[in-house]
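Visitor: Starting off with a structure, shown below.
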Amino acid sequence: MEYILIIISAIFVNNILLSQFMGICPFLGVSNKLSTATGMSGAVCFVITLATLVTYLFQYYVLVPLHIEFMQTIAFILIIAALVQMVEIVLKKVSPALYQALGIFLPLITTNCAVLGVALMVVTKEFTYGGEPHMLNLGESVVFAFATSLGFGLAMILFAGLREQIALNKVPKPFRGIPIALVTASILAMAFMGFSGLV
Amino acid sequence: MGKIQLITKGFVKENPTFSLLLGMCPTLATTTSAINGMSMGLATLFVLVLSNMAISAAAPYIPDKVRIPAYIVIIAAFVTILQFVMQAFTPDIYETLGLFIPLIVVNCIVLGRAEAFANKNSVVDSACDGLGIGIGFTFALTLLGLVREILGSGSAFGFKFISGDGILVFVLAPGAFMALAYLIVLFKKVTAKKGE
Amino acid sequence: MAVQSSFKNMTLCLFAVCIVSSALLAAVYAVTKEPIEAAEHAKTANAIAQVVPEFEGDPVPGTVTVDGKEYSYYTVNKGGKPAGYAIMTSSVGFSGPVSLMVGMTADRVVYSTTVLSQAETPGLGAKCVEPEFAGQFKNLDPAAKSLKVKKDGGDIDAITASTITSRAYTKAVEIAVSVYDAIVSSAAQEESAEVEAASGIPQNE
């Protein structure tokens, strides 16, 4: 039950893009085409889940026992950067097809704040799914991370679809490009607000 | 370019928010009020100036291939220092901004300036550049925060001037996108006129 | 300009950057540790002073268990007697826990409340810190008023469009009242034990 709550909450209610504002750079940057948006979402999905798993373990088996929690930010960003590099190398060797699809997005992900954001969130924030406020355990953290990245993908793909349609319309000159995209995002965020109170 | 020019160019010509469209996450997330926006801007300014100086001093010794990880470590160190300082002296603001303080590490503005300016200019010039871009960013965030606060809660910098609520949606997520969209349009109009 | 990259200098350089950064961090951490603790301490002291009537000396920390959950509270004294209790409670709001410091006077009245931490939506639930809502809990006698929002048949006016937050806040105050009862009953037990012990002494003589 709790897992279902986590999943619904992370995808719809607290959507990482439309209500938490993390990962807006790729949201605006690579959402021109549906195909690139899908590729980016796939890569983010992969990296967020993996990064959260590794940083969670690192936090509780290295930082906390050594009492150096203050190195959190520095350690996490290094882990994410290293992980992204490794994923790139492994993908290239193991699955060239997948690499072809996701490869060009991988280097961009290190500075996607959704990745660091989710990793930090699961080790610093108390969650209230299923009653009492508590820190997430490993399983919940990974599920939360995966669901969050699904939410990222959902918003991203919906948004890219909308932008493809808008590109065919006549837009007033000062609104062309980013401003009209932001207005679209605003309306999409309003739609997602309808989910609030669901969990 | 003179020092003054380095500082002022971030205000309009290379305004990180309105013209370069960088660092959108904190821009949208922390501007629920003018004070919050300004705090976030100043926090970023602090990191920008210090990391720009450190990176410009260290750049000649860093091998080219590992420069990005090295820069990220330097930036992360300054961000953590900022976290300590804020926790100690402005705990309320630290709590309000929350997660977005550590997320300055992945703010494209900071790494962007390191890569585009600090690693090929002198320490003093880099400090001026950081200051300029930081002020531009702070200005943009304060303005966006002010607009959202006036429309959304009917107050400015915490002083209420209408009784009751404003148009609530401007404090919420959709209002952030909407307000930013219109500010960028306005900014484009104004700068386009200047250019003519 | 930049140094030519080789495996050796790349490793060395990254290592050096990491060492310098960590050393710098450790130094700043050591320097700011005390002010951070002082700031946290000041925050608690401030919250206590806000929610209880005037008192003398330092608040005395304590813990009590109610329904299997441990709550911490501070007793403030005046004239040698407990003048009130500042009780820390929390409950689940709209987007996370809502933590309160609830002040109770010695005669079972909620003196005042203040929010320790909350992550509610700005402009909606976050309004629970404002006097329009929080003021309802000033000098509130839980025996005379029902600690529920009006929608649930109680006496508390909920914040417009933020019933969940209002419920959480009210619930946290309600918990504080039951914590207060537990504190008082355990204090009474201790007292009667003391009285027994005191009255036992002459018998032994």
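For the structure tokens, the naming scheme is as follows: chains receive sequential letters (A, B, ...) according to their order of presentation, residues are indexed from 1 within each chain, and ligands are indexed from 1 in presentation order.
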Please report, as a ChimeraX atom specification, each residue of range 26-104 of chain C to which DSSP assigns helix (DSSP H, G or I) when run on this structure's backbone.
Guide: /C:26-51
Visitor: Restricted to C-alpha atoms, what would the selected residues look like written as a tab-separated table (two decimals), in the first residue's frame?
Guide:
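New file part.tsv:
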```tsv
chain	number	residue	atom	x	y	z
C	26	ALA	CA	36.51	20.42	7.63
C	27	ALA	CA	37.99	23.72	8.79
C	28	VAL	CA	34.82	25.70	8.06
C	29	TYR	CA	32.76	22.93	9.64
C	30	ALA	CA	34.80	23.15	12.83
C	31	VAL	CA	34.47	26.93	12.92
C	32	THR	CA	30.72	27.08	12.24
C	33	LYS	CA	29.77	24.08	14.37
C	34	GLU	CA	29.29	26.15	17.49
C	35	PRO	CA	27.29	28.98	15.91
C	36	ILE	CA	25.05	26.37	14.23
C	37	GLU	CA	24.35	24.69	17.54
C	38	ALA	CA	23.84	28.06	19.18
C	39	ALA	CA	21.38	29.03	16.44
C	40	GLU	CA	19.45	25.80	16.92
C	41	HIS	CA	19.44	26.27	20.67
C	42	ALA	CA	18.27	29.87	20.29
C	43	LYS	CA	15.48	28.70	18.02
C	44	THR	CA	14.16	26.24	20.60
C	45	ALA	CA	14.54	28.75	23.44
C	46	ASN	CA	12.73	31.33	21.35
C	47	ALA	CA	9.89	28.95	20.57
C	48	ILE	CA	9.52	28.04	24.24
C	49	ALA	CA	9.45	31.69	25.32
C	50	GLN	CA	6.75	32.37	22.72
C	51	VAL	CA	4.33	29.72	23.88
```
Visitor: Within 10 Å of chain A, which residues belong to chain B? Use only C-alpha atoms and report them as an NGL selection string.
Guide: :B and (21-30 or 68-70 or 72-81 or 83-84 or 98-100 or 102-108 or 111 or 169 or 172-189 or 192)
Visitor: Give me the chain B side of the contact with chain C, cut-off 7 Å, one line per residue showing its nearest atom pair and distance in Å at one decimal, counting only C-alpha atoms, sorted by chain and residue number, as a tab-separated table.
Guide:
```
residue	atom	partner	partner_atom	distance
B:Ala59	CA	C:Ala2	CA	6.8
B:Pro60	CA	C:Ala2	CA	4.9
B:Tyr61	CA	C:Val3	CA	6.1
B:Ile62	CA	C:Val3	CA	6.3
B:Pro63	CA	C:Val3	CA	4.8
B:Asp64	CA	C:Ser5	CA	6.0
B:Lys65	CA	C:Ser5	CA	6.2
B:Val66	CA	C:Met10	CA	6.3
B:Ala70	CA	C:Leu14	CA	6.0
B:Val73	CA	C:Cys18	CA	6.8
B:Ile74	CA	C:Ser21	CA	6.5
B:Ala77	CA	C:Ser21	CA	5.7
B:Ile81	CA	C:Leu25	CA	6.5
B:Phe84	CA	C:Thr32	CA	6.3
B:Val85	CA	C:Thr32	CA	6.7
B:Gln87	CA	C:Ile36	CA	5.8
B:Ala88	CA	C:Ile36	CA	4.0
B:Ser153	CA	C:Gly123	CA	6.8
B:Leu168	CA	C:Gly123	CA	6.6
B:Val171	CA	C:Gly123	CA	6.2
```
Visitor: Could you give me, as CSV, every chain C residue with an atom at most 7 Å from chain A, plus its closest atom pair and distance in Å to one decimal, counting only C-alpha atoms, rows ordered by chain then number?
Guide:
```
residue,atom,partner,partner_atom,distance
C:Val92,CA,A:Thr128,CA,6.3
C:Gly96,CA,A:Thr128,CA,5.7
C:Pro97,CA,A:Pro133,CA,6.1
```
Visitor: Keeping C-alpha atoms for every residue in the selection just given, could you write it to a file as a PDB file, in the first residue's frame?
Guide:
```pdb
ATOM      1  CA  VAL C  92       1.051  14.815   8.989  1.00  0.00           C
ATOM      2  CA  GLY C  96       5.075  16.619   4.970  1.00  0.00           C
ATOM      3  CA  PRO C  97       5.164  16.800   8.745  1.00  0.00           C
TER       4      PRO C  97
END
```
Visitor: Hey, can you check how far CA of Gly132 in chain B sits from CA of Leu20 in chain B?
Guide: 13.9 Å
Visitor: Between CA of Asp141 in chain C and CA of Arg108 in chain C, what is the distance, to one decimal in Å?
Guide: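 Computing the Euclidean distance for CA of Asp141 in chain C and CA of Arg108 in chain C yields 7.1 Å.
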